[in-house]
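Below is the file final-v1.txt, which contains compact mmCIF, N, CA and C atoms and all ligand atoms.
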# COMPACT_ATOMS: atom_id res chain seq x y z
N MET A 26 20.46 -32.60 1.29
CA MET A 26 20.15 -32.04 -0.03
C MET A 26 20.23 -30.51 0.03
N SER A 27 20.88 -29.90 -0.98
CA SER A 27 21.06 -28.45 -0.94
C SER A 27 19.76 -27.72 -1.26
N GLU A 28 19.65 -26.53 -0.71
CA GLU A 28 18.46 -25.72 -0.97
C GLU A 28 18.52 -25.15 -2.38
N LYS A 29 17.34 -25.03 -2.99
CA LYS A 29 17.26 -24.53 -4.36
C LYS A 29 16.89 -23.05 -4.33
N VAL A 30 17.71 -22.26 -5.02
CA VAL A 30 17.50 -20.81 -5.02
C VAL A 30 17.29 -20.33 -6.45
N LEU A 31 16.21 -19.58 -6.64
CA LEU A 31 15.96 -18.94 -7.94
C LEU A 31 16.27 -17.45 -7.81
N ILE A 32 17.07 -16.94 -8.75
CA ILE A 32 17.41 -15.51 -8.75
C ILE A 32 16.82 -14.89 -10.01
N THR A 33 15.85 -13.99 -9.85
CA THR A 33 15.41 -13.23 -11.01
C THR A 33 16.41 -12.08 -11.20
N GLY A 34 16.70 -11.76 -12.46
CA GLY A 34 17.70 -10.73 -12.72
C GLY A 34 19.10 -11.23 -12.47
N ILE A 35 19.32 -12.51 -12.70
CA ILE A 35 20.63 -13.12 -12.38
C ILE A 35 21.76 -12.53 -13.21
N ASN A 36 21.46 -11.97 -14.38
CA ASN A 36 22.52 -11.41 -15.22
C ASN A 36 22.92 -10.00 -14.83
N GLY A 37 22.29 -9.46 -13.80
CA GLY A 37 22.61 -8.10 -13.38
C GLY A 37 23.78 -8.05 -12.42
N PHE A 38 24.07 -6.86 -11.98
CA PHE A 38 25.22 -6.61 -11.10
C PHE A 38 25.11 -7.40 -9.80
N VAL A 39 23.98 -7.28 -9.13
CA VAL A 39 23.83 -7.96 -7.84
C VAL A 39 23.71 -9.47 -8.05
N GLY A 40 22.98 -9.86 -9.10
CA GLY A 40 22.76 -11.29 -9.36
C GLY A 40 24.05 -12.06 -9.53
N LYS A 41 25.01 -11.44 -10.18
CA LYS A 41 26.30 -12.12 -10.41
C LYS A 41 26.98 -12.43 -9.08
N HIS A 42 27.06 -11.43 -8.21
CA HIS A 42 27.75 -11.62 -6.93
C HIS A 42 26.98 -12.58 -6.03
N LEU A 43 25.66 -12.46 -6.08
CA LEU A 43 24.84 -13.37 -5.26
C LEU A 43 25.02 -14.81 -5.74
N THR A 44 25.09 -15.00 -7.05
CA THR A 44 25.28 -16.34 -7.60
C THR A 44 26.59 -16.94 -7.11
N ASP A 45 27.65 -16.15 -7.17
CA ASP A 45 28.96 -16.64 -6.70
C ASP A 45 28.89 -17.04 -5.23
N TYR A 46 28.23 -16.20 -4.44
CA TYR A 46 28.14 -16.47 -3.00
C TYR A 46 27.36 -17.77 -2.75
N LEU A 47 26.24 -17.90 -3.44
CA LEU A 47 25.39 -19.07 -3.21
C LEU A 47 26.07 -20.36 -3.66
N LEU A 48 26.77 -20.30 -4.80
CA LEU A 48 27.48 -21.50 -5.27
C LEU A 48 28.60 -21.87 -4.30
N ASP A 49 29.28 -20.85 -3.77
CA ASP A 49 30.35 -21.12 -2.79
C ASP A 49 29.79 -21.77 -1.53
N ASN A 50 28.51 -21.54 -1.27
CA ASN A 50 27.90 -22.08 -0.06
C ASN A 50 26.95 -23.24 -0.36
N ASN A 51 27.19 -23.88 -1.51
CA ASN A 51 26.56 -25.15 -1.86
C ASN A 51 25.05 -25.09 -2.09
N TYR A 52 24.56 -23.94 -2.51
CA TYR A 52 23.16 -23.88 -2.92
C TYR A 52 23.04 -24.31 -4.37
N GLU A 53 21.88 -24.85 -4.72
CA GLU A 53 21.58 -25.13 -6.13
C GLU A 53 20.92 -23.88 -6.69
N VAL A 54 21.51 -23.33 -7.75
CA VAL A 54 21.08 -22.01 -8.24
C VAL A 54 20.48 -22.11 -9.64
N ALA A 55 19.36 -21.39 -9.82
CA ALA A 55 18.81 -21.18 -11.15
C ALA A 55 18.52 -19.70 -11.30
N GLY A 56 18.54 -19.23 -12.54
CA GLY A 56 18.31 -17.81 -12.77
C GLY A 56 17.27 -17.57 -13.84
N PHE A 57 16.59 -16.44 -13.69
CA PHE A 57 15.60 -16.00 -14.68
C PHE A 57 15.99 -14.59 -15.09
N ASP A 58 16.09 -14.36 -16.40
CA ASP A 58 16.47 -13.02 -16.85
C ASP A 58 15.98 -12.83 -18.29
N ILE A 59 15.70 -11.58 -18.63
CA ILE A 59 15.26 -11.28 -19.99
C ILE A 59 16.45 -11.38 -20.95
N LYS A 60 17.65 -11.18 -20.40
CA LYS A 60 18.86 -11.24 -21.23
C LYS A 60 19.41 -12.66 -21.22
N ASP A 61 19.70 -13.17 -22.40
CA ASP A 61 20.33 -14.49 -22.41
C ASP A 61 21.84 -14.38 -22.56
N ASN A 62 22.32 -13.14 -22.53
CA ASN A 62 23.74 -12.90 -22.66
C ASN A 62 24.42 -13.11 -21.30
N ILE A 63 25.17 -14.17 -21.20
CA ILE A 63 25.77 -14.47 -19.90
C ILE A 63 27.30 -14.43 -19.97
N GLU A 64 27.80 -13.66 -20.95
CA GLU A 64 29.24 -13.69 -21.21
C GLU A 64 30.07 -13.18 -20.02
N ASN A 65 29.53 -12.24 -19.26
CA ASN A 65 30.35 -11.64 -18.20
C ASN A 65 30.15 -12.33 -16.86
N LYS A 66 29.59 -13.50 -16.89
CA LYS A 66 29.31 -14.17 -15.63
C LYS A 66 30.15 -15.43 -15.48
N ILE A 67 30.44 -15.73 -14.25
CA ILE A 67 31.09 -17.01 -13.96
C ILE A 67 29.95 -18.02 -13.89
N ILE A 68 29.75 -18.70 -14.99
CA ILE A 68 28.62 -19.61 -15.03
C ILE A 68 29.11 -21.04 -14.90
N SER A 69 28.59 -21.69 -13.92
CA SER A 69 28.91 -23.09 -13.74
C SER A 69 27.86 -23.91 -14.50
N GLU A 70 28.24 -25.08 -14.89
CA GLU A 70 27.27 -25.92 -15.58
C GLU A 70 26.13 -26.31 -14.65
N ASP A 71 26.32 -26.06 -13.37
CA ASP A 71 25.27 -26.40 -12.41
C ASP A 71 24.13 -25.40 -12.43
N ILE A 72 24.36 -24.22 -13.04
CA ILE A 72 23.32 -23.19 -13.01
C ILE A 72 22.39 -23.34 -14.20
N LYS A 73 21.11 -23.35 -13.89
CA LYS A 73 20.11 -23.41 -14.95
C LYS A 73 19.63 -21.98 -15.21
N ILE A 74 19.72 -21.53 -16.46
CA ILE A 74 19.27 -20.18 -16.79
C ILE A 74 17.98 -20.27 -17.60
N TYR A 75 16.95 -19.62 -17.10
CA TYR A 75 15.69 -19.51 -17.84
C TYR A 75 15.63 -18.09 -18.41
N THR A 76 15.39 -17.99 -19.70
CA THR A 76 15.26 -16.68 -20.32
C THR A 76 13.78 -16.34 -20.46
N GLY A 77 13.39 -15.16 -19.99
CA GLY A 77 11.98 -14.78 -20.10
C GLY A 77 11.78 -13.37 -19.61
N ASP A 78 10.56 -12.91 -19.80
CA ASP A 78 10.19 -11.55 -19.42
C ASP A 78 9.28 -11.60 -18.20
N LEU A 79 9.72 -10.91 -17.17
CA LEU A 79 8.99 -10.87 -15.91
C LEU A 79 7.56 -10.35 -16.08
N ARG A 80 7.35 -9.54 -17.12
CA ARG A 80 6.03 -8.95 -17.33
C ARG A 80 5.01 -9.98 -17.79
N ASP A 81 5.50 -11.15 -18.18
CA ASP A 81 4.60 -12.23 -18.58
C ASP A 81 4.42 -13.17 -17.39
N GLU A 82 3.28 -13.07 -16.75
CA GLU A 82 3.06 -13.84 -15.52
C GLU A 82 3.21 -15.34 -15.76
N GLN A 83 2.76 -15.80 -16.94
CA GLN A 83 2.83 -17.23 -17.22
C GLN A 83 4.27 -17.72 -17.27
N GLU A 84 5.16 -16.89 -17.83
CA GLU A 84 6.56 -17.31 -17.96
C GLU A 84 7.20 -17.52 -16.59
N ILE A 85 7.05 -16.55 -15.71
CA ILE A 85 7.70 -16.68 -14.40
C ILE A 85 7.00 -17.76 -13.57
N THR A 86 5.69 -17.92 -13.77
CA THR A 86 4.97 -18.97 -13.05
C THR A 86 5.49 -20.35 -13.46
N THR A 87 5.70 -20.53 -14.77
CA THR A 87 6.18 -21.82 -15.26
C THR A 87 7.58 -22.13 -14.73
N VAL A 88 8.43 -21.10 -14.68
CA VAL A 88 9.79 -21.31 -14.18
C VAL A 88 9.76 -21.70 -12.70
N ILE A 89 8.97 -21.00 -11.91
CA ILE A 89 8.90 -21.32 -10.48
C ILE A 89 8.31 -22.71 -10.28
N LYS A 90 7.31 -23.02 -11.09
CA LYS A 90 6.69 -24.36 -10.98
C LYS A 90 7.70 -25.45 -11.32
N ASN A 91 8.45 -25.26 -12.39
CA ASN A 91 9.39 -26.30 -12.85
C ASN A 91 10.61 -26.43 -11.93
N PHE A 92 11.17 -25.31 -11.49
CA PHE A 92 12.39 -25.39 -10.68
C PHE A 92 12.07 -25.66 -9.21
N ASN A 93 10.88 -25.19 -8.78
CA ASN A 93 10.40 -25.46 -7.42
C ASN A 93 11.42 -25.03 -6.35
N PRO A 94 11.74 -23.72 -6.32
CA PRO A 94 12.78 -23.26 -5.40
C PRO A 94 12.34 -23.21 -3.94
N ASN A 95 13.32 -23.31 -3.03
CA ASN A 95 13.08 -23.06 -1.61
C ASN A 95 13.12 -21.57 -1.31
N LEU A 96 13.96 -20.88 -2.09
CA LEU A 96 14.13 -19.43 -1.89
C LEU A 96 14.13 -18.73 -3.23
N ILE A 97 13.60 -17.51 -3.23
CA ILE A 97 13.65 -16.69 -4.44
C ILE A 97 14.22 -15.32 -4.08
N PHE A 98 15.27 -14.92 -4.81
CA PHE A 98 15.76 -13.55 -4.70
C PHE A 98 15.27 -12.81 -5.94
N HIS A 99 14.40 -11.84 -5.72
CA HIS A 99 13.81 -11.12 -6.85
C HIS A 99 14.62 -9.84 -7.11
N LEU A 100 15.52 -9.91 -8.10
CA LEU A 100 16.40 -8.79 -8.42
C LEU A 100 16.13 -8.20 -9.80
N ALA A 101 15.35 -8.88 -10.61
CA ALA A 101 15.08 -8.37 -11.97
C ALA A 101 14.36 -7.04 -11.87
N ALA A 102 14.87 -6.08 -12.58
CA ALA A 102 14.30 -4.74 -12.49
C ALA A 102 14.83 -3.86 -13.61
N GLN A 103 14.11 -2.79 -13.84
CA GLN A 103 14.66 -1.68 -14.60
C GLN A 103 15.29 -0.82 -13.51
N SER A 104 16.61 -0.87 -13.37
CA SER A 104 17.26 -0.33 -12.18
C SER A 104 17.84 1.07 -12.39
N SER A 105 17.74 1.58 -13.61
CA SER A 105 18.35 2.89 -13.89
C SER A 105 17.38 4.03 -13.56
N VAL A 106 17.84 4.94 -12.69
CA VAL A 106 17.00 6.11 -12.35
C VAL A 106 16.78 6.96 -13.60
N LYS A 107 17.84 7.13 -14.37
CA LYS A 107 17.74 7.94 -15.60
C LYS A 107 16.65 7.37 -16.53
N LEU A 108 16.72 6.06 -16.75
CA LEU A 108 15.74 5.44 -17.65
C LEU A 108 14.32 5.49 -17.07
N SER A 109 14.23 5.51 -15.75
CA SER A 109 12.89 5.55 -15.14
C SER A 109 12.20 6.87 -15.45
N PHE A 110 12.99 7.95 -15.61
CA PHE A 110 12.41 9.23 -15.98
C PHE A 110 12.10 9.27 -17.47
N GLU A 111 12.96 8.61 -18.25
CA GLU A 111 12.75 8.61 -19.70
C GLU A 111 11.61 7.67 -20.10
N ASN A 112 11.48 6.54 -19.41
CA ASN A 112 10.45 5.54 -19.75
C ASN A 112 9.68 5.12 -18.50
N PRO A 113 8.87 6.04 -17.95
CA PRO A 113 8.18 5.70 -16.69
C PRO A 113 7.21 4.53 -16.82
N ALA A 114 6.51 4.45 -17.95
CA ALA A 114 5.52 3.37 -18.10
C ALA A 114 6.20 2.01 -18.13
N GLU A 115 7.31 1.93 -18.86
CA GLU A 115 8.03 0.65 -18.92
C GLU A 115 8.62 0.29 -17.56
N THR A 116 9.10 1.30 -16.87
CA THR A 116 9.68 1.06 -15.54
C THR A 116 8.63 0.53 -14.58
N ILE A 117 7.45 1.14 -14.61
CA ILE A 117 6.36 0.67 -13.74
C ILE A 117 5.95 -0.75 -14.12
N SER A 118 5.92 -0.99 -15.42
CA SER A 118 5.52 -2.31 -15.89
C SER A 118 6.49 -3.39 -15.38
N ILE A 119 7.78 -3.12 -15.49
CA ILE A 119 8.78 -4.13 -15.06
C ILE A 119 8.85 -4.20 -13.53
N ASN A 120 8.96 -3.04 -12.89
CA ASN A 120 9.25 -3.04 -11.45
C ASN A 120 8.02 -3.31 -10.59
N LEU A 121 6.86 -2.86 -11.02
CA LEU A 121 5.66 -3.10 -10.21
C LEU A 121 4.89 -4.33 -10.69
N ILE A 122 4.50 -4.34 -11.97
CA ILE A 122 3.73 -5.49 -12.47
C ILE A 122 4.60 -6.75 -12.45
N GLY A 123 5.87 -6.59 -12.82
CA GLY A 123 6.78 -7.74 -12.79
C GLY A 123 6.91 -8.32 -11.39
N SER A 124 7.04 -7.44 -10.40
CA SER A 124 7.15 -7.91 -9.01
C SER A 124 5.84 -8.56 -8.56
N LEU A 125 4.73 -7.96 -8.97
CA LEU A 125 3.43 -8.55 -8.65
C LEU A 125 3.31 -9.95 -9.25
N ASN A 126 3.82 -10.11 -10.47
CA ASN A 126 3.75 -11.42 -11.11
C ASN A 126 4.52 -12.48 -10.32
N VAL A 127 5.66 -12.08 -9.77
CA VAL A 127 6.43 -13.03 -8.94
C VAL A 127 5.61 -13.42 -7.71
N LEU A 128 5.03 -12.42 -7.06
CA LEU A 128 4.25 -12.70 -5.84
C LEU A 128 3.01 -13.53 -6.16
N GLU A 129 2.35 -13.22 -7.27
CA GLU A 129 1.16 -13.99 -7.67
C GLU A 129 1.55 -15.45 -7.94
N ALA A 130 2.68 -15.64 -8.62
CA ALA A 130 3.11 -17.00 -8.94
C ALA A 130 3.38 -17.78 -7.65
N ILE A 131 4.08 -17.14 -6.71
CA ILE A 131 4.39 -17.81 -5.44
C ILE A 131 3.11 -18.14 -4.69
N SER A 132 2.17 -17.22 -4.68
CA SER A 132 0.96 -17.44 -3.88
C SER A 132 0.07 -18.53 -4.48
N LYS A 133 0.16 -18.70 -5.80
CA LYS A 133 -0.70 -19.71 -6.45
C LYS A 133 -0.10 -21.12 -6.37
N LEU A 134 1.25 -21.18 -6.32
CA LEU A 134 1.90 -22.49 -6.40
C LEU A 134 2.19 -23.05 -5.02
N GLN A 135 2.16 -24.33 -4.92
CA GLN A 135 2.56 -24.97 -3.65
C GLN A 135 4.06 -25.24 -3.69
N THR A 136 4.83 -24.18 -3.84
CA THR A 136 6.28 -24.31 -3.87
C THR A 136 6.82 -24.08 -2.47
N PRO A 137 7.97 -24.69 -2.12
CA PRO A 137 8.55 -24.45 -0.79
C PRO A 137 8.75 -22.96 -0.52
N ALA A 138 9.01 -22.18 -1.58
CA ALA A 138 9.23 -20.74 -1.39
C ALA A 138 7.99 -20.07 -0.82
N LYS A 139 6.82 -20.68 -1.04
CA LYS A 139 5.58 -20.09 -0.53
C LYS A 139 5.60 -20.06 1.00
N ASN A 140 6.19 -21.08 1.61
CA ASN A 140 6.24 -21.10 3.07
C ASN A 140 7.07 -19.94 3.60
N SER A 141 8.22 -19.67 2.93
CA SER A 141 9.06 -18.54 3.35
C SER A 141 8.29 -17.25 3.19
N PHE A 142 7.56 -17.16 2.05
CA PHE A 142 6.80 -15.94 1.77
C PHE A 142 5.70 -15.75 2.82
N ASP A 143 4.99 -16.83 3.12
CA ASP A 143 3.92 -16.74 4.13
C ASP A 143 4.49 -16.34 5.48
N ASN A 144 5.65 -16.92 5.84
CA ASN A 144 6.28 -16.56 7.11
C ASN A 144 6.69 -15.09 7.13
N PHE A 145 7.22 -14.65 5.98
CA PHE A 145 7.68 -13.26 5.88
C PHE A 145 6.49 -12.31 6.05
N ILE A 146 5.40 -12.60 5.34
CA ILE A 146 4.22 -11.74 5.44
C ILE A 146 3.67 -11.79 6.87
N GLY A 147 3.69 -12.99 7.45
CA GLY A 147 3.21 -13.13 8.83
C GLY A 147 4.04 -12.28 9.78
N ASP A 148 5.38 -12.31 9.58
CA ASP A 148 6.26 -11.51 10.43
C ASP A 148 5.98 -10.03 10.26
N LEU A 149 5.74 -9.63 8.99
CA LEU A 149 5.46 -8.21 8.75
C LEU A 149 4.22 -7.76 9.50
N TRP A 150 3.15 -8.61 9.42
CA TRP A 150 1.88 -8.22 10.06
C TRP A 150 1.98 -8.22 11.57
N SER A 151 2.89 -9.06 12.10
CA SER A 151 2.96 -9.17 13.55
C SER A 151 3.85 -8.08 14.17
N THR A 152 4.53 -7.28 13.32
CA THR A 152 5.40 -6.23 13.88
C THR A 152 4.63 -4.93 14.06
N1 LIG A 201 23.33 -2.35 -7.59
C1 LIG A 201 23.12 -1.74 -6.43
O1 LIG A 201 24.04 -1.18 -5.81
C2 LIG A 201 21.75 -1.75 -5.80
C3 LIG A 201 21.55 -1.08 -4.60
C4 LIG A 201 20.30 -1.11 -4.01
C5 LIG A 201 19.25 -1.76 -4.64
N2 LIG A 201 19.47 -2.40 -5.83
C6 LIG A 201 18.34 -3.06 -6.46
O2 LIG A 201 18.66 -4.44 -6.64
C7 LIG A 201 18.05 -4.90 -7.86
C8 LIG A 201 19.14 -5.44 -8.79
O3 LIG A 201 20.10 -4.42 -9.00
P1 LIG A 201 21.25 -4.59 -10.10
O4 LIG A 201 22.25 -3.52 -9.84
O5 LIG A 201 21.70 -6.00 -10.16
O6 LIG A 201 20.44 -4.23 -11.43
P2 LIG A 201 20.85 -4.57 -12.94
O7 LIG A 201 20.18 -3.56 -13.80
O8 LIG A 201 22.32 -4.76 -13.08
O9 LIG A 201 20.17 -6.00 -13.16
C9 LIG A 201 18.79 -6.15 -13.37
C10 LIG A 201 18.58 -7.42 -14.15
O10 LIG A 201 17.17 -7.55 -14.37
C11 LIG A 201 16.99 -8.01 -15.72
N3 LIG A 201 15.66 -7.60 -16.20
C12 LIG A 201 15.25 -6.35 -16.51
N4 LIG A 201 13.99 -6.36 -16.95
C13 LIG A 201 13.59 -7.66 -16.93
C14 LIG A 201 12.38 -8.30 -17.28
N5 LIG A 201 11.31 -7.61 -17.76
N6 LIG A 201 12.27 -9.64 -17.12
C15 LIG A 201 13.35 -10.35 -16.65
N7 LIG A 201 14.53 -9.79 -16.31
C16 LIG A 201 14.65 -8.45 -16.45
C17 LIG A 201 18.10 -7.34 -16.52
O11 LIG A 201 18.35 -8.03 -17.74
C18 LIG A 201 19.26 -7.41 -15.53
O12 LIG A 201 20.04 -8.57 -15.73
C19 LIG A 201 17.31 -3.70 -8.45
O13 LIG A 201 15.97 -3.72 -8.00
C20 LIG A 201 18.03 -2.53 -7.85
O14 LIG A 201 17.23 -1.37 -7.80
C21 LIG A 201 20.70 -2.40 -6.42
Spell out the structure here as structure tokens.
Amino acid sequence: MSEKVLITGINGFVGKHLTDYLLDNNYEVAGFDIKDNIENKIISEDIKIYTGDLRDEQEITTVIKNFNPNLIFHLAAQSSVKLSFENPAETISINLIGSLNVLEAISKLQTPAKNSFDNFIGDLWST
């Protein structure tokens, strides 16, 4: 059975290339993004796209709970340096609180991704 991978920010620059790579390597892919515009992506019918805002902890928690991924690539972000200076509060909200929401969701759920996360944190502390 193929591993299930959730990509936050799947509609972004990195998410597109990562999606292609994962599909080529037989992963089951789902994506979470605030944009539902997927026109510039090679989207296979195998990909499940969840539309939502990372700043809403309940939304990302529900997606992780329903899809139950083995791996999560967290790419959703306000990635523009220019915009970060123009809208610092929004940038902090998306990049910090949004990332915290992903971590909180993983830590609360008994999803396979939690094991990877626990191992990762364990490795960090042991170095
Ligand atoms: N592109 C690069 O060369 C590069 C290099 C180093 C690091 N990174 C980092 O990798 C990550 C992804 O980069 P990218 O170039 O794909 O960025 P991108 O801006 O192209 O994509 C970000 C995606 O996140 C989504 N998003 C933004 N706010 C959201 C929210 N509140 N809820 C849900 N989705 C939201 C956007 O709709 C977009 O699809 C970023 O953290 C970036 O800083 C990128």
Surrounding residues as a list in words, ligand LIG 201 (chain A), max 7 Å, only N, CA and C atoms and all ligand atoms: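 Within the 7 Å cut-off, the matching residues are Thr33, Gly34, Ile35, Asn36, Gly37, Phe38, Val39, Gly40, Lys41, Phe57, Asp58, Ile59, Lys60, Gly77, Asp78, Leu79, Arg80, Asp81, His99, Leu100, Ala101, Ala102, Gln103, Ser104, Ser105, Ser118, Ile119 and Gly123 of chain A.
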What does the distance between CA of Val127 (chain A) and CA of Val30 (chain A) come to in Å, to one decimal place?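 Here the two named atoms are 14.1 Å from each other.
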Excluding Ile72 (chain A) and residues on its chain fewer than 4 positions from it, collect all residues at most 8 Å away from it, counting all atoms listed in the file, and give them as number ranges by chain. A: 53-56, 68
Work out how far apart atom N of Phe98 (chain A) and CA of Glu111 (chain A) are and give it in Å to one decimal.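 Calculated distance between atom N of Phe98 (chain A) and CA of Glu111 (chain A) is 28.0 Å.
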Top pick for closest residue to Lys133 (chain A), considering A:Asp71, A:Glu28, A:Asp49, A:Glu82 and counting only C-alpha atoms: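 Checking each of A:Asp71, A:Glu28, A:Asp49, A:Glu82 against Lys133 (chain A), counting only C-alpha atoms, the winner is A:Glu82.
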Between atom C of Leu125 (chain A) and atom C of Asn50 (chain A), measure the distance and give it in Å to one decimal.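 These two atoms are separated by 28.5 Å.
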I need the residue nearest Ser27 (chain A) from this list: A:Ala114, A:Leu96, A:Ile85, A:Leu43. Use only C-alpha atoms for the distance.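 Ranked by minimum distance to Ser27 (chain A), first place goes to A:Leu96.
Minimum distance to Ala138 (chain A) across A:Ser124, A:Pro94, A:Tyr52, A:Leu47 (counting all atoms listed in the file) occurs at A:Pro94.
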Write down as JSON, numbers by chain the residues of chain A whose backbone DSSP state falls under strand (DSSP E). {"A": [29, 30, 31, 32, 33, 53, 54, 55, 56, 57, 58, 73, 74, 75, 76, 96, 97, 98, 99]}
Please give the complete set of residues from region 61-138 of chain A that DSSP, run on the backbone, assigns to alpha helix (DSSP H), formatted as a ChimeraX atom specification. /A:82-92,106-111,113-117,123-133,137-138
Could those selected residues go to a file with N, CA and C atoms, as a compact mmCIF listing (two decimals), in the frame of the given file?
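Dumped everything to part-v8.txt:
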# COMPACT_ATOMS: atom_id res chain seq x y z
N GLU A 82 3.28 -13.07 -16.75
CA GLU A 82 3.06 -13.84 -15.52
C GLU A 82 3.21 -15.34 -15.76
N GLN A 83 2.76 -15.80 -16.94
CA GLN A 83 2.83 -17.23 -17.22
C GLN A 83 4.27 -17.72 -17.27
N GLU A 84 5.16 -16.89 -17.83
CA GLU A 84 6.56 -17.31 -17.96
C GLU A 84 7.20 -17.52 -16.59
N ILE A 85 7.05 -16.55 -15.71
CA ILE A 85 7.70 -16.68 -14.40
C ILE A 85 7.00 -17.76 -13.57
N THR A 86 5.69 -17.92 -13.77
CA THR A 86 4.97 -18.97 -13.05
C THR A 86 5.49 -20.35 -13.46
N THR A 87 5.70 -20.53 -14.77
CA THR A 87 6.18 -21.82 -15.26
C THR A 87 7.58 -22.13 -14.73
N VAL A 88 8.43 -21.10 -14.68
CA VAL A 88 9.79 -21.31 -14.18
C VAL A 88 9.76 -21.70 -12.70
N ILE A 89 8.97 -21.00 -11.91
CA ILE A 89 8.90 -21.32 -10.48
C ILE A 89 8.31 -22.71 -10.28
N LYS A 90 7.31 -23.02 -11.09
CA LYS A 90 6.69 -24.36 -10.98
C LYS A 90 7.70 -25.45 -11.32
N ASN A 91 8.45 -25.26 -12.39
CA ASN A 91 9.39 -26.30 -12.85
C ASN A 91 10.61 -26.43 -11.93
N PHE A 92 11.17 -25.31 -11.49
CA PHE A 92 12.39 -25.39 -10.68
C PHE A 92 12.07 -25.66 -9.21
N VAL A 106 17.84 4.94 -12.69
CA VAL A 106 17.00 6.11 -12.35
C VAL A 106 16.78 6.96 -13.60
N LYS A 107 17.84 7.13 -14.37
CA LYS A 107 17.74 7.94 -15.60
C LYS A 107 16.65 7.37 -16.53
N LEU A 108 16.72 6.06 -16.75
CA LEU A 108 15.74 5.44 -17.65
C LEU A 108 14.32 5.49 -17.07
N SER A 109 14.23 5.51 -15.75
CA SER A 109 12.89 5.55 -15.14
C SER A 109 12.20 6.87 -15.45
N PHE A 110 12.99 7.95 -15.61
CA PHE A 110 12.41 9.23 -15.98
C PHE A 110 12.10 9.27 -17.47
N GLU A 111 12.96 8.61 -18.25
CA GLU A 111 12.75 8.61 -19.70
C GLU A 111 11.61 7.67 -20.10
N PRO A 113 8.87 6.04 -17.95
CA PRO A 113 8.18 5.70 -16.69
C PRO A 113 7.21 4.53 -16.82
N ALA A 114 6.51 4.45 -17.95
CA ALA A 114 5.52 3.37 -18.10
C ALA A 114 6.20 2.01 -18.13
N GLU A 115 7.31 1.93 -18.86
CA GLU A 115 8.03 0.65 -18.92
C GLU A 115 8.62 0.29 -17.56
N THR A 116 9.10 1.30 -16.87
CA THR A 116 9.68 1.06 -15.54
C THR A 116 8.63 0.53 -14.58
N ILE A 117 7.45 1.14 -14.61
CA ILE A 117 6.36 0.67 -13.74
C ILE A 117 5.95 -0.75 -14.12
N GLY A 123 5.87 -6.59 -12.82
CA GLY A 123 6.78 -7.74 -12.79
C GLY A 123 6.91 -8.32 -11.39
N SER A 124 7.04 -7.44 -10.40
CA SER A 124 7.15 -7.91 -9.01
C SER A 124 5.84 -8.56 -8.56
N LEU A 125 4.73 -7.96 -8.97
CA LEU A 125 3.43 -8.55 -8.65
C LEU A 125 3.31 -9.95 -9.25
N ASN A 126 3.82 -10.11 -10.47
CA ASN A 126 3.75 -11.42 -11.11
C ASN A 126 4.52 -12.48 -10.32
N VAL A 127 5.66 -12.08 -9.77
CA VAL A 127 6.43 -13.03 -8.94
C VAL A 127 5.61 -13.42 -7.71
N LEU A 128 5.03 -12.42 -7.06
CA LEU A 128 4.25 -12.70 -5.84
C LEU A 128 3.01 -13.53 -6.16
N GLU A 129 2.35 -13.22 -7.27
CA GLU A 129 1.16 -13.99 -7.67
C GLU A 129 1.55 -15.45 -7.94
N ALA A 130 2.68 -15.64 -8.62
CA ALA A 130 3.11 -17.00 -8.94
C ALA A 130 3.38 -17.78 -7.65
N ILE A 131 4.08 -17.14 -6.71
CA ILE A 131 4.39 -17.81 -5.44
C ILE A 131 3.11 -18.14 -4.69
N SER A 132 2.17 -17.22 -4.68
CA SER A 132 0.96 -17.44 -3.88
C SER A 132 0.07 -18.53 -4.48
N LYS A 133 0.16 -18.70 -5.80
CA LYS A 133 -0.70 -19.71 -6.45
C LYS A 133 -0.10 -21.12 -6.37
N PRO A 137 7.97 -24.69 -2.12
CA PRO A 137 8.55 -24.45 -0.79
C PRO A 137 8.75 -22.96 -0.52
N ALA A 138 9.01 -22.18 -1.58
CA ALA A 138 9.23 -20.74 -1.39
C ALA A 138 7.99 -20.07 -0.82
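Using only C-alpha atoms, the shortest contact distance between Ile97 (chain A) and any of A:Leu128, A:Leu48, A:Ile74, A:Ile117 is found at A:Leu128.
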Take every atom of region 89-93 of chain A listed in the file, fit an axis-aligned box around them, add 3 Å per side, and give the centre and edge lengths in Å to one decimal as lines of an AutoDock Vina configuration file.
center_x = 9.5
center_y = -23.7
center_z = -9.6
size_x = 11.7
size_y = 11.4
size_z = 12.5
